[in-house]
4 protein chains.
Amino acid sequence: MGSIFGQLFRVTTWGESHGGGVGAVVDGCPPNLPLSEADIQPDLDRRKPGQSRIVSQRKESDTVRIVSGVFEGKTLGTPISMVIWNEDARPRDYEEIRTKYRPSHADYVYEAKYGIRNWMGGGRASARETAGRVAAGAIARKLLRLGWGVEAVAWVSSVGEIRCEADVETVTPEQVEQTPVRCPDLKVAQRMIEAIEEIRKKGDSLGGTVTCALRNVPAGWGEPVFDKLEADLAKAMLSLPASKGFDIGSGFGGTLLTGLQHNDEYYVAEDGRVRTRTNRSGGVQGGISDGETIYFRVAFKPTATVLHEQRTVTTAPHEETTLKARGRHDPCVLPRAVPMVEAMALLVLADHALRQEPNLRFLTNR
Amino acid sequence: MGSIFGQLFRVTTWGESHGGGVGAVVDGCPPNLPLSEADIQPDLDRRKPGQSRIVSQRKESDTVRIVSGVFEGKTLGTPISMVIWNEDARPRDYEEIRTKYRPSHADYVYEAKYGIRNWMGGGRASARETAGRVAAGAIARKLLRLGWGVEAVAWVSSVGEIRCEADVETVTPEQVEQTPVRCPDLKVAQRMIEAIEEIRKKGDSLGGTVTCALRNVPAGWGEPVFDKLEADLAKAMLSLPASKGFDIGSGFGGTLLTGLQHNDEYYVAEDGRVRTRTNRSGGVQGGISDGETIYFRVAFKPTATVLHEQRTVTTAPHEETTLKARGRHDPCVLPRAVPMVEAMALLVLADHALRQEPNLRFLTNR
Amino acid sequence: MGSIFGQLFRVTTWGESHGGGVGAVVDGCPPNLPLSEADIQPDLDRRKPGQSRIVSQRKESDTVRIVSGVFEGKTLGTPISMVIWNEDARPRDYEEIRTKYRPSHADYVYEAKYGIRNWMGGGRASARETAGRVAAGAIARKLLRLGWGVEAVAWVSSVGEIRCEADVETVTPEQVEQTPVRCPDLKVAQRMIEAIEEIRKKGDSLGGTVTCALRNVPAGWGEPVFDKLEADLAKAMLSLPASKGFDIGSGFGGTLLTGLQHNDEYYVAEDGRVRTRTNRSGGVQGGISDGETIYFRVAFKPTATVLHEQRTVTTAPHEETTLKARGRHDPCVLPRAVPMVEAMALLVLADHALRQEPNLRFLTNR
Amino acid sequence: MGSIFGQLFRVTTWGESHGGGVGAVVDGCPPNLPLSEADIQPDLDRRKPGQSRIVSQRKESDTVRIVSGVFEGKTLGTPISMVIWNEDARPRDYEEIRTKYRPSHADYVYEAKYGIRNWMGGGRASARETAGRVAAGAIARKLLRLGWGVEAVAWVSSVGEIRCEADVETVTPEQVEQTPVRCPDLKVAQRMIEAIEEIRKKGDSLGGTVTCALRNVPAGWGEPVFDKLEADLAKAMLSLPASKGFDIGSGFGGTLLTGLQHNDEYYVAEDGRVRTRTNRSGGVQGGISDGETIYFRVAFKPTATVLHEQRTVTTAPHEETTLKARGRHDPCVLPRAVPMVEAMALLVLADHALRQEPNLRFLTNR
């Protein structure tokens with residue numbers, strides 16, 4: 001269970017890191033949306049391994065094929081099924097973990113839960129599963145852009161101690177994509193790349209944070225109580241592999257302010273819209289978008305795979321042993337996490353967009 | 001929409017701060033669980049206003065009545081409906097906000113979303129709505145304690161800059177309840193109380209953090225991919241009024257460590273269980289509990305209601321104006337947030353408990 | 001579980017026949033719909049016991065109270081909670097069934113499922129549970145009438161062997177309500193009433209069918225594949241107590257025709273709409289409404305409660321015994337089933353209306 | 001929307017009759033279930049076109065491939081994705097219906113709903129979509145057989161006026177598969193085959209009924225109120241293409257009996273189980289299985305595709321015209337409906353099995 005996301009824009013992902021492939025089915029995308037693989041592949045290319053020196057060297061083209069739901073270049077309103085075949089699986093790299101649990105990986109808990117585990121890679125816990133999410137997110141991106149002009153931009157805002165301060169209102173995708181580390185500040189990016197290369201040489205890994213900005217979201221998206229927009233964003237982000245935290249707007253830092261310092265006062269903008277003078281709320285009030293830029297941070301722990309001997313235990317009957325990881329891996333997940341964060345944020349927005357105002361604009365004959 | 005939480009242990013809440021009352025319906029609670037109002041009222045008493053000097057002085061007894069689903073002291077397996085009548089609503093306090101939006105409240109976004117708003121109080125955005133959650137959480141608490149020995153303890157870990165360091169393994173409910181601020185460290189608690197009283201005199205407010213520990217959760221609860229245990233906890237916490245952030249285990253701080261520093265190595269405990277030597281993961285791996293204590297933090301912003309004149313705008317046609325709040329309110333939501341955090345965590349755990357292993361122990365005749 | 005119905009217009013019912021009361025929470029009703037108890041009570045009055053000689057003589061006023069979600073006469077878009085207190089519960093009537101299973105009632109299966117049973121009446125299996133559905137259905141009725149002019153009319157089309165042929169296009173609510181048996185043909189109604197009175201004197205019971213017509217449903221409601229409009233209607237009807245069958249349009253009778261005889265040919269109506277010359281399809285094609293009147297039949301078995309000694313078994317340890325029912329009951333459920341059928345049909349339509357085209361007409365300020 | 005079925009054993013189907021292919025994703029199948037394509041293909045072979053003279057002659061091997069969720073011959077507990085490629089699509093056969101609506105097909109309503117339609121075949125309304133359901137149903141079949149010994153057998157119980165009376169307790173799959181028409185009575189089967197061949201020569205079509213028996217279902221499956229076992233079965237059956245009715249147990253015929261005649265009296269069987277002396281209830285009471293054989297009927301209308309000129313209208317701007325069908329089709333859907341009915345019944349049972357008692361038997365290491 002748990003492989004389905006969303007109420008109205010509903011995504012099912014499937015696939016393990018070492019099996020036939022991975023994929024996603026999107027149910028609930030409005031009809032008449034122009035769509036082809038060319039809309040989806042760019043986001044997959046940003047997520048795939050092997051794209052630069054500072055990420056995993058597994059070679060996957062991650063070529064997506066749409067096998068249903070699109071007809072003559074437009075969505076039909078029926079389920080869009082997408083398939084990405086695995087190409088460079090190397091099960092032999094994983095022989096040792098057949099009988100040993102990797103520390104801070106999901107090997108042990110999968111066995112505790114299921115009594116069985118696909119030991120050739122991380123199974124569903126592998127970052128490879130996120131390819132389906134990114135493919136689905138690309139459809140959400142197109143829907144939101146054409147429907148409401150919504151734009152999602154995420155970037156690496158810290159790697160270990162190295163931080164980048166960037167303006168959530170103005171960072172562009174082009175700035176983010178300037179470097180393989182996906183930090184819009186070129187100088188900081190250079191330091192991050194060096195830190196990642198250095199830690200890789202040590203066989204160790206780094207964590208960090210991704211910041212994401214969602215612009216042009218109209219006021220009124222999100223639900224009171226349980227399905228608050230920030231609640232669904234938090235769930236989306238904490239569902240990503242290796243994520244450990246989420247905060248929105250002023251976030252944890254905002255707990256240090258007083259109410260007077262923190263409140264966002266309203267004014268009437270020149271175009272007549274109700275706006276806030278500051279945006280410590282992060283674009284949401286009581287679970288509902290207020291028309292300002294939504295921005296949030298996601299914390300990612302350092303990659304659990306390190307090329308050092310660590311203490312662990314064997315599968316049942318459990319005995320203590322040691323394990324030194326092999327296999328290709330990311331010394332820092334942050335650069336590849338950027339498109340994942342965007343994808344999950346877009347899935348949340350698409351779902352709430354349809355909950356608030358089904359986009360009938362694509363129904364040309366109505 | 002959005003007033004239903006959970007897949008198998010499913011809670012629906014209803015009610016506004018100023019209407020007939022508030023309540024909850026719990027669908028999916030296993031049968032044969034001993035239950036009465038006496039199991040629920042204590043948690044409601046910890047949440048209710050007027051319980052101490054440092055919280056809102058609204059006078060509500062918050063007396064819960066179970067009106068279905070329990071028969072001769074045991075649950076029937078059918079929906080448990082609980083009702084709490086409103087007693088001390090003072091709509092006159094809100095007359096001014098009929099036509100003005102309170103800064104950093106949900107007044108404006110409710111109108112943007114619905115085109116209508118219950119201006120007598122915060123409607124569904126009021127903390128009063130959480131009474132239903134706390135009532136439902138108390139049922140989850142009993143189910144989890146009797147079924148698996150699970151224990152949930154939360155406490156105020158910071159108020160503004162004042163921080164409390166406490167051991168997530170050992171803090172007891174009794175320690176937490178020693179003071180009205182619900183911080184287990186008596187000295188720190190005293191400073192927090194003083195800070196809250198001081199800020200109240202200034203008509204301003206404070207934020208802070210709550211930390212929560214979930215103990216004795218067996219390994220194997222939670223789902224891979226979207227419904228990870230930490231993802232559902234994050235959603236639950238960000239669904240609480242005024243919350244702005246969530247992190248689990250090492251959280252945001254963990255992004256500063258390397259993989260070697262962060263990984264939790266396994267060992268075999270004396271009782272034969274697989275345990276981890278450290279617990280930076282916070283009791284979950286890949287979305288699934290590993291048998292260690294689950295712990296997380298929640299950030300709450302300072303209360304938006306402050307007794308100062310602030311700039312804002314009127315309802316349509318929008319004009320700029322000012323507003324000075326009246327009405328009873330909390331100068332700091334943290335003390336009352338403690339039972340809310342516990343309740344939401346317990347609802348998440350009850351749901352995942354039933355997803356993994358329906359508690360058949362209560363079915364005495366099987 | 002299983003007490004929640006609908007995806008977007010979502011109803012939760014609660015309550016047993018012998019407990020505090022029964023009720024419903026409607027989550028997802030659009031805001032700004034004019035609504036008061038006066039919109040709901042008439043349907044409840046048609047459902048309640050004691051309304052005529054030919055139904056159960058239990059005395060319940062079934063007075064509904066709206067306790068949330070409505071403000072100054074309009075819906076808020078938030079959950080609408082409705083409560084109906086039980087008034088005339090007579091638990092003593094049920095003392096004998098504490099230890100004996102009534103034949104063709106749910107006593108035994110509830111114990112098999114839950115290991116516990118509210119033996120004072122039928123618990124959730126009682127027709128009393130449907131009061132919450134009828135209350136929710138009345139809200140759906142108002143939404144659909146104001147939003148799209150949709151009209152739902154059901155009637156008793158057979159009692160035992162006595163059948164009424166009526167035109168699904170023209171039967172009016174007034175015709176149905178002319179007699180307590182709710183059959184629009186006065187002569188047939190008289191025969192039905194006599195048959196019910198006669199069977200009651202014998203301590204026996206009768207079954208029959210209800211036919212329902214849904215008019216002015218626009219083309220395009222319903223989903224392909226699993227959530228077909230007729231599939232959700234079928235589920236809705238088979239969820240009613242004592243129902244045993246459902247067919248739509250030509251139904252079981254249509255299996256005797258050939259394709260040429262059965263097909264509904266299209267034409268262009270004077271108003272330019274695409275219409276069908278016949279309506280054997282019953283207003284749906286492939287799960288989606290085609291703009292013609294939707295009509296279907298529901299079969300109800302004869303009431304299981306009969307005032308005769310029947311063979312049965314005791315609760316565990318099971319021993320064979322006999323049981324002669326006492327307590328008030330309906331000699332024929334059909335007259336009271338009419339508002340239940342309408343209510344469930346309206347809930348299905350309201351849900352699919354919102355799935356296809358959220359009714360924004362009530363949002364006056366947009 | 002509407003392409004997802006089930007709460008815990010959750011199936012998503014995708015694909016059109018003329019696109020890349022069709023498939024299904026099963027989320028929630030318990031782990032450690034032995035499974036391979038060989039468990040699934042036989043049911044697909046019973047559903048596929050071209051299997052005999054009396055069904056459509058479209059040539060599809062309908063070869064299924066499992067692409068995730070199974071590892072070393074056992075399920076992982078993760079989503080099982082299955083793909084079936086289309087092989088014999090002939091879009092040219094459909095050129096004329098690009099601009100004309102086929103009577104009693106879904107062409108018009110899809111355009112009314114979506115404003116777009118895959119005119120190369122019936123799209124999602126095609127019986128081809130059911131391949132995914134049958135594949136998923138085969139997994140449910142294996143789970144239910146190994147877990148509880150449950151057996152599902154369906155057969156053609158009528159074709160037009162030709163009826164077969166068979167004992168729901170004893171019909172075997174082997175008897176059903178003796179003839180291509182899937183009626184267990186050889187003499188009646190022969191008459192049905194002749195009738196179908198005759199109607200095909202006339203370019204016309206026949207309808208009929210399928211009866212299904214579900215044996216060895218333990219008492220206690222199903223939920224009170226909305227998710228009654230018979231309600232979910234009714235929805236499942238009415239979601240099948242061309243189905244128009246459903247009844248369970250005594251069904252519509254039972255409305256002619258009195259309560260005394262209809263009630264199923266209890267007795268204690270030799271093995272100590274509580275049994276009923278008759279089974280007019282059809283194996284369910286109040287929505288919950290009682291341990292007796294569950295049996296029900298499904299009505300299928302005559303195939304809408306007939307090789308005669310019929311009156312219809314064009315796509316917008318609508319004008320009246322005529323249309324004579326071409327393309328391969330079934331003169332009677334009943335023989336191929338048999339595995340579809342079984343599949344949908346098995347999906348309902350698997351879902352309710354997991355809701356009542358998750359099958360932990362496959363977790364060998366617990």
# chains A, B, ... in the order shown; residues from 1 in each chain; ligands from 1

$ residues_around --residues "Lys48 of chain B" --least-positions-apart "5" --cutoff "9 Å" --atoms "only C-alpha atoms" --output "list of chain:residue names"
B:Asp43, B:Ser56, B:Arg58, B:Lys59, B:Glu60, B:Ser61, B:Asp62, B:Arg128, B:Ala131, B:Arg336

$ write_last_selection --atoms "C-alpha atoms" --output "mmCIF file, in the first residue's frame"
data_model
loop_
_atom_site.group_PDB
_atom_site.id
_atom_site.type_symbol
_atom_site.label_atom_id
_atom_site.label_comp_id
_atom_site.auth_asym_id
_atom_site.auth_seq_id
_atom_site.Cartn_x
_atom_site.Cartn_y
_atom_site.Cartn_z
ATOM 1 C CA ASP B 43 -6.697 14.856 27.117
ATOM 2 C CA SER B 56 -6.720 31.867 26.612
ATOM 3 C CA ARG B 58 -12.280 31.494 27.251
ATOM 4 C CA LYS B 59 -14.326 29.311 29.605
ATOM 5 C CA GLU B 60 -15.214 25.991 28.039
ATOM 6 C CA SER B 61 -15.658 22.804 30.042
ATOM 7 C CA ASP B 62 -15.095 20.856 26.817
ATOM 8 C CA ARG B 128 -11.249 25.022 18.793
ATOM 9 C CA ALA B 131 -10.929 19.449 20.309
ATOM 10 C CA ARG B 336 -2.036 23.756 24.522
#

$ residues_around --residues "Gly286 of chain B" --least-positions-apart "2" --cutoff "7 Å" --atoms "only C-alpha atoms" --output "number ranges by chain"
A: 105-106, 125, 241; B: 224, 284, 288

$ residues_around --residues "segment 266-270 of chain D" --least-positions-apart "6" --cutoff "9 Å" --atoms "only C-alpha atoms" --output "list in words"
Tyr101, Arg102, Pro103, Ser104, Arg311, Thr312, Val313, His318, Glu319, Glu320 and Thr321 of chain C; Thr276, Arg277 and Thr278 of chain D

$ write_last_selection --atoms "N, CA, C and O atoms" --output "short mmCIF file (atom, residue, chain, number, x, y, z; two decimals), in the first residue's frame"
data_model
loop_
_atom_site.label_atom_id
_atom_site.label_comp_id
_atom_site.auth_asym_id
_atom_site.auth_seq_id
_atom_site.Cartn_x
_atom_site.Cartn_y
_atom_site.Cartn_z
N TYR C 101 -30.00 -15.59 17.80
CA TYR C 101 -29.86 -14.88 16.52
C TYR C 101 -31.18 -14.86 15.78
O TYR C 101 -31.77 -15.92 15.52
N ARG C 102 -31.65 -13.68 15.38
CA ARG C 102 -32.87 -13.61 14.57
C ARG C 102 -32.57 -14.07 13.14
O ARG C 102 -31.62 -13.57 12.51
N PRO C 103 -33.35 -14.98 12.60
CA PRO C 103 -33.11 -15.45 11.22
C PRO C 103 -33.15 -14.30 10.22
O PRO C 103 -34.00 -13.41 10.33
N SER C 104 -32.24 -14.35 9.27
CA SER C 104 -32.14 -13.36 8.19
C SER C 104 -31.95 -11.92 8.70
O SER C 104 -32.19 -10.96 7.97
N ARG C 311 -37.04 -21.42 13.81
CA ARG C 311 -35.90 -22.14 14.35
C ARG C 311 -34.64 -21.30 14.23
O ARG C 311 -34.42 -20.65 13.22
N THR C 312 -33.82 -21.32 15.26
CA THR C 312 -32.57 -20.59 15.19
C THR C 312 -31.58 -21.19 16.19
O THR C 312 -31.83 -22.31 16.69
N VAL C 313 -30.48 -20.50 16.46
CA VAL C 313 -29.49 -21.00 17.41
C VAL C 313 -29.14 -19.90 18.40
O VAL C 313 -29.39 -18.72 18.16
N HIS C 318 -23.13 -22.50 20.81
CA HIS C 318 -24.32 -22.54 19.96
C HIS C 318 -25.18 -23.77 20.22
O HIS C 318 -24.70 -24.89 20.19
N GLU C 319 -26.46 -23.50 20.47
CA GLU C 319 -27.44 -24.58 20.60
C GLU C 319 -28.68 -24.23 19.83
O GLU C 319 -29.06 -23.05 19.75
N GLU C 320 -29.35 -25.23 19.33
CA GLU C 320 -30.55 -24.95 18.55
C GLU C 320 -31.69 -24.57 19.47
O GLU C 320 -31.83 -25.09 20.58
N THR C 321 -32.52 -23.65 19.02
CA THR C 321 -33.62 -23.13 19.83
C THR C 321 -34.67 -22.56 18.88
O THR C 321 -34.58 -22.73 17.66
N THR D 276 -27.17 -21.96 7.83
CA THR D 276 -28.59 -21.69 7.55
C THR D 276 -29.17 -22.87 6.77
O THR D 276 -28.49 -23.49 5.95
N ARG D 277 -30.45 -23.17 7.05
CA ARG D 277 -31.11 -24.31 6.42
C ARG D 277 -31.39 -24.06 4.95
O ARG D 277 -31.46 -24.99 4.15
N THR D 278 -31.63 -22.82 4.61
CA THR D 278 -31.79 -22.39 3.23
C THR D 278 -30.80 -21.26 2.99
O THR D 278 -30.14 -20.83 3.92
#

$ atom_distance --atom1 "atom CA of Trp14 of chain C" --atom2 "atom CA of Met82 of chain B"
10.1 Å

$ closest_residue --among "C:Thr258, C:His18, C:Ala24, C:Leu35" --to "Glu161 of chain D" --atoms "only C-alpha atoms"
C:Thr258

$ interface_residues --of "chain B" --to "chain C" --cutoff "6 Å" --atoms "only C-alpha atoms" --output "VMD selection string"
chain B and resid 1 14 to 15 20 27 to 28 31 67 to 68 79 114 to 115 363 365

$ select_by_dssp --residues "segment 159-316 of chain D" --states "strand (DSSP E or B)" --output "count of residues only"
42

$ select_by_dssp --residues "segment 89-193 of chain C" --states "alpha helix (DSSP H)" --output "MDAnalysis selection string"
chainID C and resid 107:114 130:148 173:176 186:193

$ atom_distance --atom1 "atom CA of Val64 of chain B" --atom2 "atom CA of Ser126 of chain B"
18.4 Å

$ closest_residue --among "D:Lys100, D:Asp167, D:Gly282, D:Lys201" --to "Gln310 of chain D" --atoms "only C-alpha atoms"
D:Lys100

$ atom_distance --atom1 "atom CA of Leu206 of chain B" --atom2 "atom CA of Cys332 of chain B"
5.1 Å

$ closest_residue --among "A:Thr172, A:Ser239, A:Thr315, A:Gln51" --to "Phe226 of chain B" --atoms "only C-alpha atoms"
A:Ser239

$ residues_around --residues "Thr305 of chain C" --least-positions-apart "2" --cutoff "12 Å" --atoms "only C-alpha atoms" --output "PyMOL selection string"
(chain C and resi 56+97+101-106+121-122+126+200+203-206+242+301-303+307-310+323-333) or (chain D and resi 258-264)

$ residues_around --residues "segment 216-223 of chain C" --least-positions-apart "2" --cutoff "8 Å" --atoms "only C-alpha atoms" --output "ChimeraX atom specification"
/C:148-151,214,225-229,287-294,352-353,355-356 /D:1-2,109-110,112-114

$ write_last_selection --atoms "N, CA and C atoms" --output "compact mmCIF listing (two decimals), in the first residue's frame"
# COMPACT_ATOMS: atom_id res chain seq x y z
N TRP C 148 -28.55 22.50 -10.83
CA TRP C 148 -28.77 21.97 -12.18
C TRP C 148 -30.22 21.63 -12.49
N GLY C 149 -31.12 21.92 -11.56
CA GLY C 149 -32.53 21.58 -11.81
C GLY C 149 -32.81 20.10 -11.76
N VAL C 150 -31.90 19.34 -11.16
CA VAL C 150 -32.09 17.89 -11.10
C VAL C 150 -33.22 17.54 -10.14
N GLU C 151 -34.01 16.54 -10.51
CA GLU C 151 -35.15 16.10 -9.71
C GLU C 151 -35.07 14.59 -9.54
N LEU C 214 -34.42 9.90 -12.20
CA LEU C 214 -33.57 11.08 -11.98
C LEU C 214 -33.62 11.92 -13.25
N VAL C 225 -15.00 3.13 -16.55
CA VAL C 225 -14.37 2.04 -15.80
C VAL C 225 -15.05 1.82 -14.44
N PHE C 226 -14.37 1.98 -13.32
CA PHE C 226 -14.93 1.47 -12.05
C PHE C 226 -16.03 2.36 -11.48
N ASP C 227 -15.89 3.67 -11.60
CA ASP C 227 -16.85 4.57 -10.97
C ASP C 227 -17.94 5.00 -11.94
N LYS C 228 -18.40 4.06 -12.74
CA LYS C 228 -19.52 4.34 -13.64
C LYS C 228 -20.71 4.84 -12.81
N LEU C 229 -21.51 5.70 -13.40
CA LEU C 229 -22.67 6.23 -12.69
C LEU C 229 -23.57 5.08 -12.24
N GLY C 287 -21.29 4.22 -18.49
CA GLY C 287 -21.02 4.76 -17.18
C GLY C 287 -21.26 6.25 -17.05
N ILE C 288 -21.63 6.89 -18.16
CA ILE C 288 -21.73 8.35 -18.18
C ILE C 288 -23.14 8.75 -18.60
N SER C 289 -23.70 9.76 -17.94
CA SER C 289 -25.07 10.20 -18.26
C SER C 289 -25.12 10.74 -19.68
N ASP C 290 -26.26 10.45 -20.36
CA ASP C 290 -26.39 10.93 -21.75
C ASP C 290 -27.44 12.04 -21.87
N GLY C 291 -27.94 12.51 -20.75
CA GLY C 291 -28.91 13.61 -20.78
C GLY C 291 -30.36 13.16 -20.75
N GLU C 292 -30.61 11.86 -20.92
CA GLU C 292 -31.97 11.33 -20.80
C GLU C 292 -32.26 11.02 -19.33
N THR C 293 -33.52 10.76 -19.03
CA THR C 293 -33.90 10.43 -17.66
C THR C 293 -33.22 9.12 -17.23
N ILE C 294 -32.57 9.17 -16.08
CA ILE C 294 -31.97 7.97 -15.50
C ILE C 294 -33.06 7.27 -14.68
N HIS C 352 -20.99 12.91 -8.22
CA HIS C 352 -20.54 12.95 -9.61
C HIS C 352 -20.71 14.34 -10.21
N ALA C 353 -21.68 15.11 -9.73
CA ALA C 353 -21.80 16.49 -10.19
C ALA C 353 -20.52 17.25 -9.86
N ARG C 355 -17.61 15.97 -9.20
CA ARG C 355 -16.47 15.40 -9.92
C ARG C 355 -16.38 15.97 -11.34
N GLN C 356 -17.53 16.21 -11.95
CA GLN C 356 -17.51 16.68 -13.34
C GLN C 356 -17.45 18.21 -13.42
N MET D 1 -10.60 10.04 -13.85
CA MET D 1 -10.77 9.45 -12.52
C MET D 1 -11.53 8.13 -12.64
N GLY D 2 -11.60 7.47 -11.53
CA GLY D 2 -12.43 6.28 -11.50
C GLY D 2 -11.74 5.04 -12.03
N VAL D 109 -21.21 10.30 -25.14
CA VAL D 109 -21.04 10.76 -23.76
C VAL D 109 -19.58 11.07 -23.44
N TYR D 110 -18.64 10.35 -24.06
CA TYR D 110 -17.23 10.71 -23.84
C TYR D 110 -16.97 12.12 -24.36
N ALA D 112 -19.21 14.48 -24.63
CA ALA D 112 -19.92 15.40 -23.75
C ALA D 112 -19.13 15.63 -22.47
N LYS D 113 -18.47 14.59 -22.01
CA LYS D 113 -17.72 14.68 -20.75
C LYS D 113 -16.37 15.34 -20.94
N TYR D 114 -15.61 14.86 -21.93
CA TYR D 114 -14.21 15.23 -22.03
C TYR D 114 -13.92 16.25 -23.14

$ residues_around --residues "Pro180 of chain B" --least-positions-apart "2" --cutoff "7 Å" --atoms "only C-alpha atoms" --output "PyMOL selection string"
chain B and resi 52+177-178+182+335

$ decode --residues "segment 140-151 of chain B" --atoms "N, CA, C and O atoms" --output "JSON list (two decimals), in the first residue's frame"
[["chain", "number", "residue", "atom", "x", "y", "z"],
["B", 140, "ALA", "N", -7.29, 6.60, 20.11],
["B", 140, "ALA", "CA", -6.09, 5.99, 19.53],
["B", 140, "ALA", "C", -5.08, 5.65, 20.61],
["B", 140, "ALA", "O", -4.44, 4.59, 20.59],
["B", 141, "ARG", "N", -4.95, 6.54, 21.58],
["B", 141, "ARG", "CA", -4.00, 6.31, 22.67],
["B", 141, "ARG", "C", -4.34, 5.03, 23.42],
["B", 141, "ARG", "O", -3.47, 4.19, 23.68],
["B", 142, "LYS", "N", -5.64, 4.85, 23.71],
["B", 142, "LYS", "CA", -6.02, 3.65, 24.47],
["B", 142, "LYS", "C", -5.80, 2.39, 23.63],
["B", 142, "LYS", "O", -5.31, 1.37, 24.12],
["B", 143, "LEU", "N", -6.18, 2.47, 22.38],
["B", 143, "LEU", "CA", -5.97, 1.32, 21.48],
["B", 143, "LEU", "C", -4.50, 0.93, 21.41],
["B", 143, "LEU", "O", -4.14, -0.25, 21.52],
["B", 144, "LEU", "N", -3.64, 1.92, 21.26],
["B", 144, "LEU", "CA", -2.22, 1.65, 21.08],
["B", 144, "LEU", "C", -1.57, 1.17, 22.39],
["B", 144, "LEU", "O", -0.67, 0.33, 22.37],
["B", 145, "ARG", "N", -2.05, 1.70, 23.51],
["B", 145, "ARG", "CA", -1.47, 1.28, 24.79],
["B", 145, "ARG", "C", -1.87, -0.16, 25.09],
["B", 145, "ARG", "O", -1.02, -0.99, 25.42],
["B", 146, "LEU", "N", -3.15, -0.45, 24.95],
["B", 146, "LEU", "CA", -3.59, -1.81, 25.24],
["B", 146, "LEU", "C", -3.10, -2.80, 24.20],
["B", 146, "LEU", "O", -2.79, -3.95, 24.50],
["B", 147, "GLY", "N", -3.03, -2.35, 22.97],
["B", 147, "GLY", "CA", -2.67, -3.28, 21.89],
["B", 147, "GLY", "C", -1.19, -3.56, 21.80],
["B", 147, "GLY", "O", -0.77, -4.69, 21.56],
["B", 148, "TRP", "N", -0.39, -2.51, 21.98],
["B", 148, "TRP", "CA", 1.04, -2.68, 21.73],
["B", 148, "TRP", "C", 1.92, -2.03, 22.79],
["B", 148, "TRP", "O", 3.13, -2.02, 22.64],
["B", 149, "GLY", "N", 1.33, -1.46, 23.82],
["B", 149, "GLY", "CA", 2.15, -0.78, 24.82],
["B", 149, "GLY", "C", 2.77, 0.51, 24.34],
["B", 149, "GLY", "O", 3.70, 1.03, 24.94],
["B", 150, "VAL", "N", 2.24, 1.05, 23.25],
["B", 150, "VAL", "CA", 2.80, 2.29, 22.70],
["B", 150, "VAL", "C", 2.49, 3.46, 23.62],
["B", 150, "VAL", "O", 1.40, 3.57, 24.16],
["B", 151, "GLU", "N", 3.46, 4.35, 23.76],
["B", 151, "GLU", "CA", 3.33, 5.53, 24.60],
["B", 151, "GLU", "C", 3.74, 6.77, 23.81],
["B", 151, "GLU", "O", 4.76, 6.75, 23.13]]
